[in-house]
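J.: Below you will find the structure I want to go over with you.
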Amino acid sequence: MKQSFLVTKTRKEGLGEDTAINAELLVRAGYVHKTMAGVYTFLPLGLRMLNNIVGIIREEMDAIGGQEMHLSALQNPSVWQESGRWGGDAESVWFRSSLQSGGDVGLAWTHEEPVTEMLRHHVSSYRDLPCSVYQFQTKFRNEERAKSGLLRTREFLMKDLYSLSRNEEEHKAFYERCAGAYLRIFDRIGLGDSTYRTFASGGAFSQFSDEFQTVLASGEDTIYLHREKRIAVNEEVYTDEVLEKVGLDRSDLEQVQSCEVGNIFTLGTRFSEALNLLYTDESGDTSPVFMGSYGIGPSRLMGVIAEQYSDGEQSMVLPDAVAPFRLHLIALGASSQVQEAASTLYDRLQDREVSVLFDDRDLSAGEKFADSDLVGIPHRIVISDRTQESGQVEYLDRKTGKTSMHKTDPDGMVKLLYA
RNA sequence: CGGAGAGUGGUGUAACGGCUAACAUGCCCGCUUUGGGAGCGGGUGAUUCCGGGUUCGAAUCCCGGCUCUCCGACCA
């Protein structure tokens with residue numbers, strides 16, 4: 001994409017308020033726009049990054065047999081009344097409204113109930129099991145306090161997968177496969193080294209669950225981690241009993257702040273019993289389906305990545321796999337030779353399906369570099385009168401900060417970018 | 001939901017109860033410039049969050065509301 005065509009702009013000035021670093025960077029770089037507290041619009045650059053994250057999650061969910069679908073955001077209270085989550089403790093999390101005809105509706109903040117209800121119409125035999133479905137959905141939660149930029153919002157994108165198994169053993173096998181898929185996801189999006197599988201409370205679903213926590217100073221969770229074993233225990237279940245169960249010793253653990261980037265739960269028959277999701281086995285007996293749910297928040301991940309890959313308030317270097325573009329091609333100066341050379345290289349790289357943002361704007365070198373630092377594209381090529389003298393281009397690997405001169409050979413360039 | 005702070009051109013800030021609300025940045029025009037947010041000149045842009053009150057006079061003080069940020073509680 002030519003940068004002169006890009007609708008959004010970077011901004012030089014900060015947000016003024018003492019906001020989270022992820023919001024500061026993503027707003028300034030033109031990835032997101034704040035609509036209101038805890039509500040963000042995803043702009044072209046931000047959406048490209050979000051879609052990259054979503055794409056990786058989709059591949060990994062498909063790889064473990066998940067089938068993508070899309071549940072509705074608008075919810076009929078009746079199914080939630082069956083599970084007891086329309087009022088009661090869950091009351092305050094709902095955004096509610098009403099139909100013109102008078103009935104109540106709510107905006108879904110999770111989807112255990114509707115997915116269970118829906119599957120009632122499609123799963124009834126042991127032959128239908130095991131199976132799993134998932135979706136990417138905007139969730140609405142009436143948080144008492146939105147905070148930390150994209151890390152805690154009232155409207156956010158979530159991947160939620162629901163597994164159905166015949167029994168606990170079958171469930172556990174899938175649960176572990178999904179845990180493995182989660183670790184691959186975090187690895188691929190650049191959070192592998194800093195993310196730990198974490199023993200945690202199961203909330204309303206079960207006694208315990210597994211969280212995936214990324215070490216982050218601005219995170220709102222406290223965990224105790226064992227770096228060598230790559231596991232951690234959430235503060236909320238940090239007891240002698242739990243430590244013994246997990247096989248950890250207090251003296252080996254390190255206390256750190258972290259952000260929850262994923263959470264997987266064993267639901268058991270909590271919802272299948274409440275909503276009558278039953279199956280008939282080989283001998284003709286009926287049993288409730290054994291379920292699990294597995295969540296991951298792509299929009300939150302975007303905030304975590306921005307924050308972790310930031311370098312002060314003016315600069316990010318995003319991982320290749322999630323950056324909105326792989327290459328930032330910068331033409332310096334208005335001379336026609338430079339513009340032509342850059343434009344030709346841009347076309348050649350487009351032909352080779354390299355995703356490139358071409359800064360063809362008539363701006364000073366300083367502005368272009370400052371913008372490029374902020375936008376965070378990991379590879380940069382500069383073409384200027386200076387580079388033209390030798391007939392070469394200057395390549396900067398922003399991860400290492402190393403620059404090198406190269407011939408303007410598009411195929412060689414592709415090798416360089418995907419090395 | 002408790003506590004603290006803050007709402008002023010698009011953005012970031014300034015202004016003792018007293019002149020036409022100032023400065024920077026952005027944006028537009030012209031010239032100049034092109035390897036780290038360059039320079040000069042001209043221009044654009046505000047119902048000072050909303051509603052009441054005090055006062056000769058309110059961005060400024062008082063009351064109420066709304067919004068935002070941070071700390072805490074909460075976090076399926």
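Chain labels run A, B, ... following the order of the structure tokens; each chain numbers its residues from 1, and ligands are numbered from 1 in the order shown.
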Can you work out which residues from chain A touch chain B at a cut-off of 9 Å (counting only C-alpha atoms (C1' of nucleotides)) and hand them back as an MDAnalysis selection string?

T.: chainID A and resid 11:19 36:37 89:90 93 109:110 143:145 203:205 332:334 363:371 384 386

J.: Would you mind exporting the chosen residues as a tab-separated table (two decimals), in the first residue's frame, restricted to N, CA and C atoms?

T.:
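Generated file (result.tsv):
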```tsv
chain	number	residue	atom	x	y	z
A	11	ARG	N	0.54	10.54	14.96
A	11	ARG	CA	0.51	11.83	15.64
A	11	ARG	C	1.74	11.99	16.50
A	12	LYS	N	2.23	13.20	16.45
A	12	LYS	CA	3.47	13.50	17.14
A	12	LYS	C	3.26	13.58	18.64
A	13	GLU	N	2.15	14.19	19.02
A	13	GLU	CA	1.90	14.39	20.44
A	13	GLU	C	1.27	13.18	21.11
A	14	GLY	N	1.56	13.03	22.37
A	14	GLY	CA	1.00	11.94	23.14
A	14	GLY	C	-0.46	12.19	23.47
A	15	LEU	N	-1.03	11.30	24.26
A	15	LEU	CA	-2.45	11.41	24.56
A	15	LEU	C	-2.72	12.39	25.70
A	16	GLY	N	-1.69	12.81	26.39
A	16	GLY	CA	-1.90	13.79	27.43
A	16	GLY	C	-2.22	13.18	28.77
A	17	GLU	N	-3.09	12.20	28.77
A	17	GLU	CA	-3.41	11.55	30.03
A	17	GLU	C	-2.37	10.47	30.29
A	18	ASP	N	-2.30	10.06	31.53
A	18	ASP	CA	-1.31	9.07	31.91
A	18	ASP	C	-1.83	7.68	31.55
A	19	THR	N	-1.89	7.41	30.25
A	19	THR	CA	-2.53	6.18	29.80
A	19	THR	C	-1.53	5.05	29.64
A	36	MET	N	-14.65	5.43	23.23
A	36	MET	CA	-14.99	5.84	24.58
A	36	MET	C	-14.18	4.94	25.51
A	37	ALA	N	-14.33	5.14	26.79
A	37	ALA	CA	-13.53	4.34	27.72
A	37	ALA	C	-13.78	2.85	27.49
A	89	ASP	N	-25.26	-13.45	40.04
A	89	ASP	CA	-23.89	-12.94	40.04
A	89	ASP	C	-23.50	-12.35	38.69
A	90	ALA	N	-24.12	-12.88	37.63
A	90	ALA	CA	-23.74	-12.45	36.29
A	90	ALA	C	-24.48	-11.17	35.88
A	93	VAL	N	-22.59	-7.92	34.49
A	93	VAL	CA	-21.71	-7.97	33.34
A	93	VAL	C	-22.46	-7.73	32.02
A	109	TRP	N	-21.63	-11.87	26.42
A	109	TRP	CA	-20.31	-11.62	27.04
A	109	TRP	C	-19.51	-12.91	27.07
A	110	THR	N	-20.14	-14.02	26.69
A	110	THR	CA	-19.52	-15.33	26.52
A	110	THR	C	-20.57	-16.15	25.78
A	143	GLU	N	-17.84	-3.91	32.11
A	143	GLU	CA	-16.81	-3.86	33.14
A	143	GLU	C	-17.02	-2.64	34.04
A	144	GLU	N	-16.78	-2.84	35.31
A	144	GLU	CA	-16.93	-1.72	36.23
A	144	GLU	C	-15.88	-0.66	35.95
A	145	ARG	N	-14.72	-1.13	35.53
A	145	ARG	CA	-13.69	-0.15	35.20
A	145	ARG	C	-12.84	-0.65	34.04
A	203	GLY	N	-12.86	-20.29	38.40
A	203	GLY	CA	-13.99	-19.37	38.42
A	203	GLY	C	-15.29	-20.10	38.73
A	204	ALA	N	-16.32	-19.75	37.97
A	204	ALA	CA	-17.63	-20.34	38.23
A	204	ALA	C	-17.75	-21.73	37.62
A	205	PHE	N	-16.76	-22.12	36.81
A	205	PHE	CA	-16.90	-23.35	36.05
A	205	PHE	C	-16.38	-24.59	36.79
A	332	LEU	N	13.38	8.75	-0.06
A	332	LEU	CA	13.76	10.05	0.49
A	332	LEU	C	14.07	11.04	-0.63
A	333	GLY	N	13.52	12.23	-0.51
A	333	GLY	CA	13.79	13.25	-1.50
A	333	GLY	C	12.81	13.16	-2.65
A	334	ALA	N	12.70	14.27	-3.37
A	334	ALA	CA	11.68	14.35	-4.41
A	334	ALA	C	12.24	14.09	-5.80
A	363	LEU	N	7.59	14.22	2.27
A	363	LEU	CA	7.89	14.68	3.63
A	363	LEU	C	9.39	14.62	3.85
A	364	SER	N	9.84	15.28	4.89
A	364	SER	CA	11.27	15.27	5.19
A	364	SER	C	11.70	13.90	5.69
A	365	ALA	N	12.98	13.66	5.56
A	365	ALA	CA	13.53	12.37	6.00
A	365	ALA	C	13.21	12.12	7.47
A	366	GLY	N	13.35	13.15	8.27
A	366	GLY	CA	13.12	12.99	9.70
A	366	GLY	C	11.71	12.54	10.01
A	367	GLU	N	10.75	13.14	9.33
A	367	GLU	CA	9.36	12.76	9.57
A	367	GLU	C	9.10	11.32	9.16
A	368	LYS	N	9.68	10.94	8.02
A	368	LYS	CA	9.45	9.57	7.55
A	368	LYS	C	10.06	8.54	8.48
A	369	PHE	N	11.26	8.83	8.95
A	369	PHE	CA	11.91	7.89	9.86
A	369	PHE	C	11.16	7.81	11.19
A	370	ALA	N	10.74	8.94	11.68
A	370	ALA	CA	10.02	8.97	12.95
A	370	ALA	C	8.72	8.17	12.82
A	371	ASP	N	8.01	8.37	11.71
A	371	ASP	CA	6.78	7.62	11.48
A	371	ASP	C	7.06	6.13	11.40
A	384	SER	N	17.39	6.62	-1.66
A	384	SER	CA	17.61	8.07	-1.68
A	384	SER	C	18.67	8.39	-2.72
A	386	ARG	N	21.52	9.29	-2.12
A	386	ARG	CA	22.75	8.70	-1.62
A	386	ARG	C	22.88	7.23	-2.05
```

J.: Mind the document's chain letters and residue numbers, and return as a list in words the residues of segment 220-323 of chain A that DSSP labels helix (DSSP H, G or I).

T.: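 Restricting segment 220-323 of chain A to helix (DSSP H, G or I) produces Glu235, Glu236, Val237, Asp240, Glu241, Val242, Leu243, Glu244, Lys245, Val246, Arg250, Ser251, Asp252, Arg270, Phe271, Ser272, Glu273, Ala274, Pro298, Ser299, Arg300, Leu301, Met302, Gly303, Val304, Ile305, Ala306, Glu307 and Gln308 of chain A.
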
J.: Interatomic distance between atom CA of Arg184 of chain A and atom CA of Ser258 of chain A?

T.: 18.9 Å

J.: Would you return as number ranges by chain the members of segment 133-324 of chain A that DSSP assigns to strand (DSSP E or B) on this structure's backbone?

T.: A: 133-140, 147, 152, 155-165, 195-201, 208-215, 221-226, 231-234, 254-268, 278-280, 286-288, 290-296, 310, 316

J.: Excluding Arg58 of chain A and any residue of its chain fewer than 3 positions from it, enumerate the residues within 12 Å of it, using only C-alpha atoms (C1' of nucleotides), and give them as a PyMOL selection string.

T.: chain A and resi 51-55+61-69+133-136+158-161+181-182+184-185+296+298

J.: Next, dump the selected residues to file, keeping only C-alpha atoms, as a compact mmCIF listing (two decimals), in the first residue's frame.

T.:
```txt
# COMPACT_ATOMS: atom_id res chain seq x y z
CA ASN A 51 -6.28 -10.16 11.22
CA ASN A 52 -2.74 -11.54 11.25
CA ILE A 53 -3.24 -12.64 14.84
CA VAL A 54 -6.65 -14.06 14.03
CA GLY A 55 -5.21 -15.95 11.06
CA MET A 61 -7.64 -24.22 15.96
CA ASP A 62 -8.31 -25.88 12.62
CA ALA A 63 -5.25 -28.06 13.17
CA ILE A 64 -6.75 -29.60 16.31
CA GLY A 65 -10.06 -30.22 14.61
CA GLY A 66 -11.97 -27.09 15.56
CA GLN A 67 -14.75 -26.08 13.18
CA GLU A 68 -15.27 -22.37 12.76
CA MET A 69 -18.74 -20.92 13.05
CA VAL A 133 -16.56 -25.62 17.38
CA TYR A 134 -15.09 -22.17 17.66
CA GLN A 135 -15.61 -18.61 16.59
CA PHE A 136 -14.13 -15.12 16.59
CA MET A 158 -12.50 -13.17 21.44
CA LYS A 159 -11.77 -16.56 20.00
CA ASP A 160 -13.82 -19.03 21.96
CA LEU A 161 -13.75 -22.73 21.29
CA ALA A 181 -2.05 -25.31 20.26
CA TYR A 182 -2.19 -22.28 22.55
CA ARG A 184 2.17 -22.68 19.46
CA ILE A 185 -0.01 -19.62 18.93
CA ILE A 296 -8.12 -16.21 23.73
CA PRO A 298 -6.89 -11.29 19.80
```

J.: Can you pull out the residues contacting segment 347-359 of chain A? Cut-off 12 Å, using only C-alpha atoms (C1' of nucleotides), and skip same-chain residues under 6 positions away; I want them as an mmCIF file with C-alpha atoms, in the first residue's frame.

T.:
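File written: out.cif
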```cif
data_model
loop_
_atom_site.group_PDB
_atom_site.id
_atom_site.type_symbol
_atom_site.label_atom_id
_atom_site.label_comp_id
_atom_site.auth_asym_id
_atom_site.auth_seq_id
_atom_site.Cartn_x
_atom_site.Cartn_y
_atom_site.Cartn_z
ATOM 1 C CA MET A 1 0.000 0.000 0.000
ATOM 2 C CA LYS A 2 1.177 3.484 -0.774
ATOM 3 C CA GLN A 3 1.365 5.518 2.389
ATOM 4 C CA SER A 4 0.005 8.602 0.630
ATOM 5 C CA PHE A 5 -3.171 6.567 0.173
ATOM 6 C CA LEU A 6 -3.418 5.443 3.803
ATOM 7 C CA LEU A 45 -3.179 -0.752 10.146
ATOM 8 C CA ARG A 48 -4.288 -5.810 9.431
ATOM 9 C CA ASP A 320 7.122 -10.402 11.399
ATOM 10 C CA ALA A 321 4.093 -12.622 11.836
ATOM 11 C CA VAL A 322 1.784 -9.910 13.148
ATOM 12 C CA ALA A 323 3.103 -6.632 11.721
ATOM 13 C CA PRO A 324 0.597 -4.976 9.365
ATOM 14 C CA PHE A 325 3.248 -5.028 6.651
ATOM 15 C CA ARG A 326 6.490 -6.898 6.373
ATOM 16 C CA LEU A 327 8.434 -4.131 4.713
ATOM 17 C CA HIS A 328 8.471 -0.359 4.997
ATOM 18 C CA LEU A 329 9.881 1.031 1.767
ATOM 19 C CA ILE A 330 10.956 4.632 2.173
ATOM 20 C CA ALA A 331 11.813 6.999 -0.646
ATOM 21 C CA LEU A 332 13.762 10.052 0.494
ATOM 22 C CA GLY A 333 13.792 13.249 -1.505
ATOM 23 C CA ALA A 334 11.681 14.348 -4.415
ATOM 24 C CA GLN A 339 10.855 8.189 -6.923
ATOM 25 C CA GLU A 340 11.060 6.046 -10.030
ATOM 26 C CA ALA A 341 13.477 3.563 -8.513
ATOM 27 C CA ALA A 365 13.530 12.368 6.001
ATOM 28 C CA GLU A 367 9.357 12.757 9.571
ATOM 29 C CA LYS A 368 9.447 9.572 7.546
ATOM 30 C CA PHE A 369 11.913 7.888 9.862
ATOM 31 C CA ASP A 371 6.776 7.616 11.476
ATOM 32 C CA SER A 372 8.452 4.388 10.497
ATOM 33 C CA VAL A 375 4.509 2.197 13.049
ATOM 34 C CA GLY A 376 6.787 -0.708 13.863
ATOM 35 C CA ILE A 377 7.175 -2.538 10.565
ATOM 36 C CA PRO A 378 10.141 -4.860 11.161
ATOM 37 C CA HIS A 379 12.008 -4.469 7.869
ATOM 38 C CA ARG A 380 12.925 -1.162 6.242
ATOM 39 C CA ILE A 381 14.409 -0.283 2.904
ATOM 40 C CA VAL A 382 15.512 3.257 2.133
ATOM 41 C CA ILE A 383 16.075 4.622 -1.351
ATOM 42 C CA THR A 408 18.039 -3.562 -6.260
ATOM 43 C CA ASP A 409 17.222 -7.108 -7.156
ATOM 44 C CA PRO A 410 13.652 -7.967 -6.147
ATOM 45 C CA ASP A 411 14.277 -11.694 -5.797
ATOM 46 C CA GLY A 412 17.305 -11.116 -3.625
ATOM 47 C CA MET A 413 15.210 -8.742 -1.587
ATOM 48 C CA VAL A 414 12.537 -11.349 -1.025
ATOM 49 C CA LYS A 415 15.200 -13.735 0.285
ATOM 50 C CA LEU A 416 16.460 -11.029 2.606
ATOM 51 C CA LEU A 417 12.991 -10.306 3.961
ATOM 52 C CA TYR A 418 12.087 -13.900 4.599
#
```

J.: Using only C-alpha atoms (C1' of nucleotides), which protein or nucleic acid residues come within 12 Å of segment 50-60 of chain B? Drop anything in the same chain fewer than 4 positions from it, and give the result as a PDB file with C-alpha atoms (C1' of nucleotides), in the first residue's frame.

T.:
```pdb
ATOM      1  C1'   G B   7     -12.115  18.379  31.198  1.00  0.00           C
ATOM      2  C1'   U B   8      -9.900  25.201  27.121  1.00  0.00           C
ATOM      3  C1'   A B  14      -1.186  28.365  29.189  1.00  0.00           C
ATOM      4  C1'   A B  15      -4.130  32.247  31.231  1.00  0.00           C
ATOM      5  C1'   C B  16      -4.385  36.392  39.620  1.00  0.00           C
ATOM      6  C1'   G B  17     -12.143  36.837  39.375  1.00  0.00           C
ATOM      7  C1'   G B  18     -10.727  41.976  34.873  1.00  0.00           C
ATOM      8  C1'   A B  21      -8.872  33.453  25.701  1.00  0.00           C
ATOM      9  C1'   A B  46     -12.891  27.771  20.497  1.00  0.00           C
ATOM     10  C1'   G B  64     -25.441  19.503  40.479  1.00  0.00           C
ATOM     11  C1'   G B  65     -24.651  16.350  36.336  1.00  0.00           C
ATOM     12  C1'   C B  66     -21.763  13.964  32.441  1.00  0.00           C
ATOM     13  C1'   U B  67     -17.101  12.306  30.603  1.00  0.00           C
TER      14        U B  67
END
```

J.: So the first atom is atom CA of Gln100 of chain A and the second is atom CA of Trp80 of chain A; what is the distance between them in Å, to one decimal place?

T.: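 Between atom CA of Gln100 of chain A and atom CA of Trp80 of chain A the gap works out to 20.6 Å.
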
J.: Have a look at atom CA of Ser163 of chain A and atom CA of Ser293 of chain A and let me know their distance in Å, one decimal.

T.: 6.3 Å

J.: Quick one: everything within 12 Å of segment 270-278 of chain A, counting only C-alpha atoms (C1' of nucleotides), minus sequence neighbours fewer than 6 positions away in the same chain. Send it as a PyMOL selection string.

T.: chain A and resi 78-85+111-126+128-129+162-167+204-206+284-293
